[in-house]
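Only one structure is covered here, and it is reproduced in the block below.
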Amino acid sequence: MEKRFELIASSEVLAPFRREFRQILNRAGWEKKTAEKILLAVDEALTNIIRHAYQGRPGKMTVSISASDDKIEIVLEDQGKKFDPTQVPSPELPRHRPGGLGIHFIRTIMDQMIYDDQNPAWNRLRLIKHKTKI
Amino acid sequence: MEKRFELIASSEVLAPFRREFRQILNRAGWEKKTAEKILLAVDEALTNIIRHAYQGRPGKMTVSISASDDKIEIVLEDQGKKFDPTQVPSPELPRHRPGGLGIHFIRTIMDQMIYDDQNPAWNRLRLIKHKTKI
Amino acid sequence: MKIQLTSQGDIQVLELSGELDYHSSPDLREKLTELTMKQTPKILVNLGGVDYMDSSGIATFVEAFQKAKRYQGRLILAALTATVRGVFEIAKLDSIFEITPTVAEAVKCLGAKT
Amino acid sequence: MKIQLTSQGDIQVLELSGELDYHSSPDLREKLTELTMKQTPKILVNLGGVDYMDSSGIATFVEAFQKAKRYQGRLILAALTATVRGVFEIAKLDSIFEITPTVAEAVKCLGAKT
Ligand SMILES: Nc1ncnc2c1ncn2[C@@H]1O[C@H](COP(=O)(O)OP(=O)(O)O)[C@@H](O)[C@H]1O
Ligand SMILES: Nc1ncnc2c1ncn2[C@@H]1O[C@H](COP(=O)(O)OP(=O)(O)O)[C@@H](O)[C@H]1O
């Protein structure tokens, strides 16, 4: 199953996107608990694009989802400020100050988080999760 | 002369706003050089609202301008994150790292920058400039 | 996100329902800031109706929790759904916050004075 | 904001026109980043057509300037309008950047090799 979303980089798109993504995860056979975590990881990545990559500039972001029997891959693309989240060090937990948890959530939930540095004008982040840990 | 603008907190509103504001300053008898500076101060304050107060959340900001013979007062209001820019210390100049100049510009250009802390849900910033320094 | 404020004796109860994310968290932040600015001694957040929460929700609670601590106030989170509890767990914050399974237990814990 | 890239011998010339603000600065940033990533030794920015610039524009130039310095590259700003020059002055950056009144002087300064 393949599905592609083109979203405006504004916070009001998050909830409707999650509604559709929830159905996709359900149809792809993910149990609810894990599905909610994948949903969270992708929501955190999109929030970062809206908040940090575009920062109130109008922009687009795309989410391309490929779900197969054994794994799901989500590719996020934006044309905001170039930023490689895989380089952000893990925070010390528990954090007593607000914020700074989003990338940690993505890293903890997904099996792989890969930043593609090929295109100078685009950010491209691949998130992969296998149904059974390999 | 009184004029009020209701703007969407997104970067594309800045240029059209400046075009109108430029005319107001001109009609209010400000010489071009000072007018361009006032324009810059207000543009920096609006940019901060877009970038830091709303951070990609949809929001509104209003600019209320009162121009009299001897001074201009601009009141900026937003419902984003509460923040008092008058508390930000002046940067050491010249700054060798990018950013961190906006509030300094506002402070240097305007005679007064007053943050009104009365309303718990709104930010309200008053910027005042006199035609002749008092 | 719906937010309702009620009181139970000297406890201020915030009842939330819906999804708590980057878009909706400023509303919650505003309500919590009002309470902490007034130095409300006992704040109870009923999360029973919240079926989704992300790190923006967590950040909002951490901020309010720290503010309440500064004036010796208390903030208790009650009736978390499994999903929301899971998010506190990934953040390892489940041991930092006071969390109770039900609203009744939170009320007991805070000792409502009427 | 219009951006045109041309070359004059071994000098890469960016000719800008329009208003450089928070909205338009990412376009300039992208072009400058392309040049500094390739370690372009001589970058000349013709600002003659820029009638407005705010701190986002300044930040973009500071970033590119620092990057160029790291590989011993040079970035010269030429033909500033009075308004734009005033902004560099408020930032006290007019003494940090290499600024020349005209493009011809910048070319001379950089010593174009053809
Ligand atoms: N897409 C992005 N573009 C630019 N900067 C980012 C991006 N994502 C994250 N960052 C930077 O990394 C930091 C940590 O991100 P995160 O862990 O999600 O926490 P938070 O967003 O709450 O600060 C952010 O504060 C921001 O400075
Ligand atoms: N309206 C605002 N709301 C929240 N934070 C703000 C606001 N304006 C400024 N700030 C904070 O103050 C800092 C300094 O602002 P400024 O001098 O304009 O420089 P810059 O925006 O380039 O960082 C910002 O980085 C931001 O953290």
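Just remember, in the structure tokens the first chain shown is A, the second B, etc., residues are 1-based per chain, and ligands are 1-based in the order shown.
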
Counting only C-alpha atoms, a student should be able to say which residues of chain D come within 8 Å of chain A; what is the right answer, written as a PDB file with N, CA and C atoms, in the first residue's frame?
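Saved result, out_37.pdb, follows:
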ATOM      1  N   HIS D  23      10.519  36.832   4.706  1.00  0.00           N
ATOM      2  CA  HIS D  23       9.868  35.985   3.711  1.00  0.00           C
ATOM      3  C   HIS D  23      10.809  35.604   2.574  1.00  0.00           C
ATOM      4  N   PRO D  26      15.047  33.163   2.690  1.00  0.00           N
ATOM      5  CA  PRO D  26      15.438  31.772   2.417  1.00  0.00           C
ATOM      6  C   PRO D  26      15.916  31.542   0.986  1.00  0.00           C
ATOM      7  N   GLU D  30      19.542  29.980   0.176  1.00  0.00           N
ATOM      8  CA  GLU D  30      19.749  28.779  -0.636  1.00  0.00           C
ATOM      9  C   GLU D  30      20.860  29.017  -1.660  1.00  0.00           C
ATOM     10  N   GLU D  34      24.578  27.239  -1.674  1.00  0.00           N
ATOM     11  CA  GLU D  34      25.109  26.501  -2.829  1.00  0.00           C
ATOM     12  C   GLU D  34      26.536  26.947  -3.135  1.00  0.00           C
TER      13      GLU D  34
END

Excluding D:Leu47 and any residue of its chain fewer than 6 positions from it, enumerate the residues within 7 Å of it, using only C-alpha atoms, and give them as a ChimeraX atom specification.
/D:15-17,77-80

Can you pull out every residue within 7 Å of stretch 124-128 of chain B, counting only C-alpha atoms, but drop anything in the same chain fewer than 4 positions away, and send it as a ChimeraX atom specification?
/B:72-78,110-116

For ligand 2, collect every residue having any atom at a distance of at most 9 Å from a ligand atom (counting only C-alpha atoms and all ligand atoms); output as number ranges by chain.
B: 44-55, 78, 80-85, 88-91, 98-106, 123; D: 55-56, 59

Create the file for the chosen residues now, containing C-alpha atoms and written as an mmCIF file, in the first residue's frame.
data_model
loop_
_atom_site.group_PDB
_atom_site.id
_atom_site.type_symbol
_atom_site.label_atom_id
_atom_site.label_comp_id
_atom_site.auth_asym_id
_atom_site.auth_seq_id
_atom_site.Cartn_x
_atom_site.Cartn_y
_atom_site.Cartn_z
ATOM 1 C CA GLU B 44 11.113 43.184 13.032
ATOM 2 C CA ALA B 45 8.370 43.077 15.658
ATOM 3 C CA LEU B 46 5.940 41.430 13.227
ATOM 4 C CA THR B 47 8.598 38.945 12.120
ATOM 5 C CA ASN B 48 9.131 37.970 15.751
ATOM 6 C CA ILE B 49 5.400 37.412 16.230
ATOM 7 C CA ILE B 50 5.260 35.192 13.143
ATOM 8 C CA ARG B 51 8.441 33.328 13.929
ATOM 9 C CA HIS B 52 8.581 33.100 17.711
ATOM 10 C CA ALA B 53 5.097 33.800 19.095
ATOM 11 C CA TYR B 54 3.111 31.607 16.692
ATOM 12 C CA GLN B 55 5.828 29.327 15.263
ATOM 13 C CA ASP B 78 -1.016 38.966 19.073
ATOM 14 C CA GLY B 80 0.760 33.831 20.557
ATOM 15 C CA LYS B 81 3.139 32.723 23.263
ATOM 16 C CA LYS B 82 3.441 35.376 25.986
ATOM 17 C CA PHE B 83 6.740 37.198 25.637
ATOM 18 C CA ASP B 84 8.108 40.519 26.828
ATOM 19 C CA PRO B 85 10.807 41.671 24.371
ATOM 20 C CA VAL B 88 15.806 40.822 26.312
ATOM 21 C CA PRO B 89 19.296 42.217 27.006
ATOM 22 C CA SER B 90 21.019 44.205 24.257
ATOM 23 C CA PRO B 91 23.426 42.087 22.233
ATOM 24 C CA PRO B 98 23.585 35.111 12.514
ATOM 25 C CA GLY B 99 20.403 36.407 14.188
ATOM 26 C CA GLY B 100 19.637 38.077 17.477
ATOM 27 C CA LEU B 101 19.398 41.622 16.108
ATOM 28 C CA GLY B 102 15.652 42.215 15.710
ATOM 29 C CA ILE B 103 14.869 43.520 19.198
ATOM 30 C CA HIS B 104 18.038 45.588 19.160
ATOM 31 C CA PHE B 105 16.827 47.251 15.942
ATOM 32 C CA ILE B 106 13.434 48.055 17.488
ATOM 33 C CA ASN B 123 0.802 40.295 23.853
ATOM 34 C CA SER D 55 17.688 41.590 10.206
ATOM 35 C CA SER D 56 16.832 38.350 8.360
ATOM 36 C CA ALA D 59 21.597 37.131 9.317
#

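Across stretch 16-125 of chain A, DSSP run on the backbone finds strand (DSSP E or B) at Lys60, Met61, Thr62, Val63, Ser64, Ile65, Ser66, Ala67, Lys71, Ile72, Glu73, Ile74, Val75, Leu76, Glu77, Asp78, Gln112, Met113, Ile114, Tyr115, Asn123, Arg124 and Leu125 of chain A.
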
Export of the given selection (N, CA, C and O atoms) as a PDB file, in the first residue's frame:
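Contents of result_28.pdb, as written:
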ATOM      1  N   LYS A  60       5.264  23.801   2.174  1.00  0.00           N
ATOM      2  CA  LYS A  60       4.603  22.513   2.006  1.00  0.00           C
ATOM      3  C   LYS A  60       5.440  21.409   2.624  1.00  0.00           C
ATOM      4  O   LYS A  60       6.652  21.521   2.730  1.00  0.00           O
ATOM      5  N   MET A  61       4.761  20.338   2.982  1.00  0.00           N
ATOM      6  CA  MET A  61       5.491  19.154   3.426  1.00  0.00           C
ATOM      7  C   MET A  61       4.737  17.958   2.873  1.00  0.00           C
ATOM      8  O   MET A  61       3.522  17.974   2.763  1.00  0.00           O
ATOM      9  N   THR A  62       5.489  16.934   2.462  1.00  0.00           N
ATOM     10  CA  THR A  62       4.811  15.755   1.945  1.00  0.00           C
ATOM     11  C   THR A  62       5.156  14.545   2.805  1.00  0.00           C
ATOM     12  O   THR A  62       6.251  14.441   3.356  1.00  0.00           O
ATOM     13  N   VAL A  63       4.173  13.670   2.932  1.00  0.00           N
ATOM     14  CA  VAL A  63       4.352  12.426   3.676  1.00  0.00           C
ATOM     15  C   VAL A  63       4.054  11.300   2.710  1.00  0.00           C
ATOM     16  O   VAL A  63       2.940  11.215   2.179  1.00  0.00           O
ATOM     17  N   SER A  64       5.034  10.447   2.432  1.00  0.00           N
ATOM     18  CA  SER A  64       4.814   9.304   1.543  1.00  0.00           C
ATOM     19  C   SER A  64       4.907   8.037   2.378  1.00  0.00           C
ATOM     20  O   SER A  64       5.924   7.779   3.016  1.00  0.00           O
ATOM     21  N   ILE A  65       3.840   7.285   2.358  1.00  0.00           N
ATOM     22  CA  ILE A  65       3.767   6.090   3.214  1.00  0.00           C
ATOM     23  C   ILE A  65       3.782   4.843   2.348  1.00  0.00           C
ATOM     24  O   ILE A  65       3.007   4.732   1.401  1.00  0.00           O
ATOM     25  N   SER A  66       4.687   3.891   2.626  1.00  0.00           N
ATOM     26  CA  SER A  66       4.602   2.575   1.983  1.00  0.00           C
ATOM     27  C   SER A  66       4.489   1.534   3.083  1.00  0.00           C
ATOM     28  O   SER A  66       5.391   1.400   3.908  1.00  0.00           O
ATOM     29  N   ALA A  67       3.400   0.835   3.055  1.00  0.00           N
ATOM     30  CA  ALA A  67       3.180  -0.211   4.062  1.00  0.00           C
ATOM     31  C   ALA A  67       3.184  -1.560   3.378  1.00  0.00           C
ATOM     32  O   ALA A  67       2.458  -1.784   2.418  1.00  0.00           O
ATOM     33  N   LYS A  71       6.597  -4.335   7.227  1.00  0.00           N
ATOM     34  CA  LYS A  71       7.131  -3.060   7.740  1.00  0.00           C
ATOM     35  C   LYS A  71       6.385  -1.861   7.167  1.00  0.00           C
ATOM     36  O   LYS A  71       5.588  -1.989   6.221  1.00  0.00           O
ATOM     37  N   ILE A  72       6.656  -0.729   7.743  1.00  0.00           N
ATOM     38  CA  ILE A  72       6.107   0.515   7.193  1.00  0.00           C
ATOM     39  C   ILE A  72       7.257   1.498   7.039  1.00  0.00           C
ATOM     40  O   ILE A  72       8.174   1.536   7.870  1.00  0.00           O
ATOM     41  N   GLU A  73       7.219   2.234   5.914  1.00  0.00           N
ATOM     42  CA  GLU A  73       8.231   3.266   5.707  1.00  0.00           C
ATOM     43  C   GLU A  73       7.516   4.572   5.421  1.00  0.00           C
ATOM     44  O   GLU A  73       6.610   4.640   4.602  1.00  0.00           O
ATOM     45  N   ILE A  74       7.934   5.617   6.131  1.00  0.00           N
ATOM     46  CA  ILE A  74       7.321   6.929   5.957  1.00  0.00           C
ATOM     47  C   ILE A  74       8.429   7.898   5.549  1.00  0.00           C
ATOM     48  O   ILE A  74       9.442   8.015   6.236  1.00  0.00           O
ATOM     49  N   VAL A  75       8.238   8.579   4.408  1.00  0.00           N
ATOM     50  CA  VAL A  75       9.233   9.554   3.962  1.00  0.00           C
ATOM     51  C   VAL A  75       8.634  10.959   4.068  1.00  0.00           C
ATOM     52  O   VAL A  75       7.573  11.239   3.518  1.00  0.00           O
ATOM     53  N   LEU A  76       9.329  11.816   4.814  1.00  0.00           N
ATOM     54  CA  LEU A  76       8.862  13.188   5.007  1.00  0.00           C
ATOM     55  C   LEU A  76       9.758  14.131   4.230  1.00  0.00           C
ATOM     56  O   LEU A  76      10.984  14.047   4.330  1.00  0.00           O
ATOM     57  N   GLU A  77       9.161  15.027   3.468  1.00  0.00           N
ATOM     58  CA  GLU A  77       9.961  15.985   2.710  1.00  0.00           C
ATOM     59  C   GLU A  77       9.473  17.406   2.931  1.00  0.00           C
ATOM     60  O   GLU A  77       8.271  17.657   3.023  1.00  0.00           O
ATOM     61  N   ASP A  78      10.427  18.333   3.028  1.00  0.00           N
ATOM     62  CA  ASP A  78      10.057  19.744   3.133  1.00  0.00           C
ATOM     63  C   ASP A  78      11.150  20.585   2.490  1.00  0.00           C
ATOM     64  O   ASP A  78      12.258  20.101   2.255  1.00  0.00           O
ATOM     65  N   GLN A 112      14.367   2.785  12.344  1.00  0.00           N
ATOM     66  CA  GLN A 112      15.384   3.565  11.646  1.00  0.00           C
ATOM     67  C   GLN A 112      14.888   4.978  11.371  1.00  0.00           C
ATOM     68  O   GLN A 112      13.719   5.184  11.018  1.00  0.00           O
ATOM     69  N   MET A 113      15.797   5.922  11.528  1.00  0.00           N
ATOM     70  CA  MET A 113      15.521   7.309  11.149  1.00  0.00           C
ATOM     71  C   MET A 113      16.706   7.729  10.299  1.00  0.00           C
ATOM     72  O   MET A 113      17.832   7.814  10.785  1.00  0.00           O
ATOM     73  N   ILE A 114      16.470   7.928   9.002  1.00  0.00           N
ATOM     74  CA  ILE A 114      17.564   8.187   8.066  1.00  0.00           C
ATOM     75  C   ILE A 114      17.357   9.551   7.406  1.00  0.00           C
ATOM     76  O   ILE A 114      16.305   9.814   6.824  1.00  0.00           O
ATOM     77  N   TYR A 115      18.363  10.398   7.511  1.00  0.00           N
ATOM     78  CA  TYR A 115      18.287  11.702   6.862  1.00  0.00           C
ATOM     79  C   TYR A 115      19.051  11.641   5.559  1.00  0.00           C
ATOM     80  O   TYR A 115      20.221  11.252   5.530  1.00  0.00           O
ATOM     81  N   ASN A 123      14.746  18.834   2.587  1.00  0.00           N
ATOM     82  CA  ASN A 123      14.985  17.897   3.681  1.00  0.00           C
ATOM     83  C   ASN A 123      14.194  16.632   3.368  1.00  0.00           C
ATOM     84  O   ASN A 123      13.039  16.711   2.918  1.00  0.00           O
ATOM     85  N   ARG A 124      14.804  15.488   3.602  1.00  0.00           N
ATOM     86  CA  ARG A 124      14.130  14.227   3.327  1.00  0.00           C
ATOM     87  C   ARG A 124      14.473  13.266   4.463  1.00  0.00           C
ATOM     88  O   ARG A 124      15.638  12.923   4.652  1.00  0.00           O
ATOM     89  N   LEU A 125      13.454  12.901   5.219  1.00  0.00           N
ATOM     90  CA  LEU A 125      13.674  12.051   6.387  1.00  0.00           C
ATOM     91  C   LEU A 125      12.896  10.760   6.225  1.00  0.00           C
ATOM     92  O   LEU A 125      11.689  10.778   5.955  1.00  0.00           O
TER      93      LEU A 125
END

Compare B:Glu2, B:Trp122, B:Arg27, B:Ser10 by their minimum atom-to-atom distance to chain A, counting only C-alpha atoms, and give me the closest one.
B:Ser10

List the spatial neighbours of stretch 35-39 of chain C as an NGL selection string - criterion: any atom at most 12 Å away, only C-alpha atoms, same-chain residues fewer than 3 positions off excluded.
(:B and (120)) or (:C and (5-7 or 11-14 or 28-32 or 42-45 or 61 or 63-75))

Convert the current residue selection to file output with N, CA, C and O atoms, as a short mmCIF file (atom, residue, chain, number, x, y, z; two decimals), in the first residue's frame.
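Writing the result to out_25.cif gives the following:
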data_model
loop_
_atom_site.label_atom_id
_atom_site.label_comp_id
_atom_site.auth_asym_id
_atom_site.auth_seq_id
_atom_site.Cartn_x
_atom_site.Cartn_y
_atom_site.Cartn_z
N PRO B 120 -3.70 38.54 30.22
CA PRO B 120 -2.99 37.26 30.27
C PRO B 120 -3.03 36.49 28.94
O PRO B 120 -2.22 35.59 28.73
N LEU C 5 -13.25 23.96 33.12
CA LEU C 5 -12.72 24.22 34.46
C LEU C 5 -13.84 24.17 35.48
O LEU C 5 -14.85 24.87 35.37
N THR C 6 -13.70 23.29 36.49
CA THR C 6 -14.67 23.23 37.57
C THR C 6 -13.88 23.22 38.88
O THR C 6 -12.65 23.19 38.86
N SER C 7 -14.58 23.26 40.00
CA SER C 7 -13.83 23.14 41.24
C SER C 7 -14.51 22.14 42.16
O SER C 7 -15.70 21.88 42.07
N ILE C 11 -9.94 22.44 45.22
CA ILE C 11 -9.21 21.90 44.07
C ILE C 11 -9.78 22.46 42.77
O ILE C 11 -10.99 22.45 42.56
N GLN C 12 -8.91 22.98 41.92
CA GLN C 12 -9.35 23.41 40.59
C GLN C 12 -9.17 22.24 39.65
O GLN C 12 -8.07 21.69 39.53
N VAL C 13 -10.27 21.85 39.00
CA VAL C 13 -10.22 20.68 38.13
C VAL C 13 -10.32 21.09 36.67
O VAL C 13 -11.25 21.76 36.26
N LEU C 14 -9.30 20.71 35.88
CA LEU C 14 -9.34 20.93 34.43
C LEU C 14 -9.70 19.60 33.78
O LEU C 14 -8.97 18.62 33.92
N LEU C 28 -4.49 24.81 26.27
CA LEU C 28 -4.25 24.23 27.59
C LEU C 28 -3.23 25.07 28.35
O LEU C 28 -3.39 25.34 29.55
N ARG C 29 -2.20 25.50 27.65
CA ARG C 29 -1.16 26.32 28.27
C ARG C 29 -1.76 27.59 28.87
O ARG C 29 -1.42 27.99 29.98
N GLU C 30 -2.67 28.20 28.14
CA GLU C 30 -3.31 29.43 28.62
C GLU C 30 -4.07 29.17 29.92
O GLU C 30 -3.92 29.92 30.89
N LYS C 31 -4.85 28.09 29.94
CA LYS C 31 -5.63 27.77 31.14
C LYS C 31 -4.72 27.46 32.33
O LYS C 31 -4.94 27.93 33.44
N LEU C 32 -3.69 26.68 32.07
CA LEU C 32 -2.78 26.32 33.16
C LEU C 32 -2.02 27.54 33.66
O LEU C 32 -1.79 27.69 34.87
N LYS C 42 -3.97 23.72 44.43
CA LYS C 42 -4.25 22.34 44.02
C LYS C 42 -4.89 22.30 42.63
O LYS C 42 -6.02 22.75 42.46
N ILE C 43 -4.14 21.75 41.71
CA ILE C 43 -4.65 21.64 40.34
C ILE C 43 -4.76 20.17 39.97
O ILE C 43 -3.81 19.41 40.13
N LEU C 44 -5.94 19.80 39.50
CA LEU C 44 -6.16 18.41 39.10
C LEU C 44 -6.51 18.40 37.62
O LEU C 44 -7.45 19.09 37.20
N VAL C 45 -5.74 17.68 36.82
CA VAL C 45 -6.06 17.61 35.40
C VAL C 45 -6.63 16.22 35.10
O VAL C 45 -5.96 15.21 35.28
N PHE C 61 2.61 20.41 30.26
CA PHE C 61 2.48 19.94 31.64
C PHE C 61 3.77 20.16 32.44
O PHE C 61 3.73 20.54 33.61
N GLU C 63 5.94 22.49 32.05
CA GLU C 63 6.03 23.92 32.36
C GLU C 63 5.13 24.28 33.56
O GLU C 63 5.57 24.94 34.50
N ALA C 64 3.89 23.83 33.51
CA ALA C 64 2.94 24.15 34.59
C ALA C 64 3.39 23.50 35.90
O ALA C 64 3.28 24.09 36.98
N PHE C 65 3.89 22.29 35.80
CA PHE C 65 4.34 21.55 36.98
C PHE C 65 5.49 22.29 37.67
O PHE C 65 5.51 22.45 38.89
N GLN C 66 6.43 22.78 36.87
CA GLN C 66 7.56 23.53 37.44
C GLN C 66 7.10 24.83 38.08
O GLN C 66 7.58 25.22 39.14
N LYS C 67 6.15 25.49 37.41
CA LYS C 67 5.64 26.75 37.97
C LYS C 67 4.92 26.51 39.29
O LYS C 67 5.08 27.27 40.24
N ALA C 68 4.11 25.45 39.33
CA ALA C 68 3.36 25.14 40.56
C ALA C 68 4.33 24.81 41.69
O ALA C 68 4.15 25.23 42.84
N LYS C 69 5.39 24.07 41.36
CA LYS C 69 6.37 23.69 42.38
C LYS C 69 7.00 24.91 43.03
O LYS C 69 7.26 24.93 44.23
N ARG C 70 7.21 25.96 42.20
CA ARG C 70 7.87 27.16 42.71
C ARG C 70 7.09 27.83 43.84
O ARG C 70 7.68 28.47 44.71
N TYR C 71 5.76 27.71 43.83
CA TYR C 71 4.99 28.30 44.93
C TYR C 71 4.41 27.22 45.85
O TYR C 71 3.41 27.44 46.52
N GLN C 72 5.05 26.05 45.82
CA GLN C 72 4.59 24.91 46.63
C GLN C 72 3.18 24.44 46.28
O GLN C 72 2.46 23.91 47.13
N GLY C 73 2.78 24.69 45.03
CA GLY C 73 1.47 24.20 44.60
C GLY C 73 1.59 22.76 44.12
O GLY C 73 2.68 22.24 43.94
N ARG C 74 0.45 22.11 43.93
CA ARG C 74 0.49 20.73 43.43
C ARG C 74 -0.33 20.59 42.16
O ARG C 74 -1.39 21.20 42.01
N LEU C 75 0.19 19.77 41.28
CA LEU C 75 -0.49 19.50 40.01
C LEU C 75 -0.56 17.98 39.88
O LEU C 75 0.46 17.32 39.87
#

When DSSP is applied to the backbone of this structure, which of stretch 8-133 of chain A are assigned alpha helix (DSSP H)? Write them out as an MDAnalysis selection string.
chainID A and resid 14:27 32:48 102:109
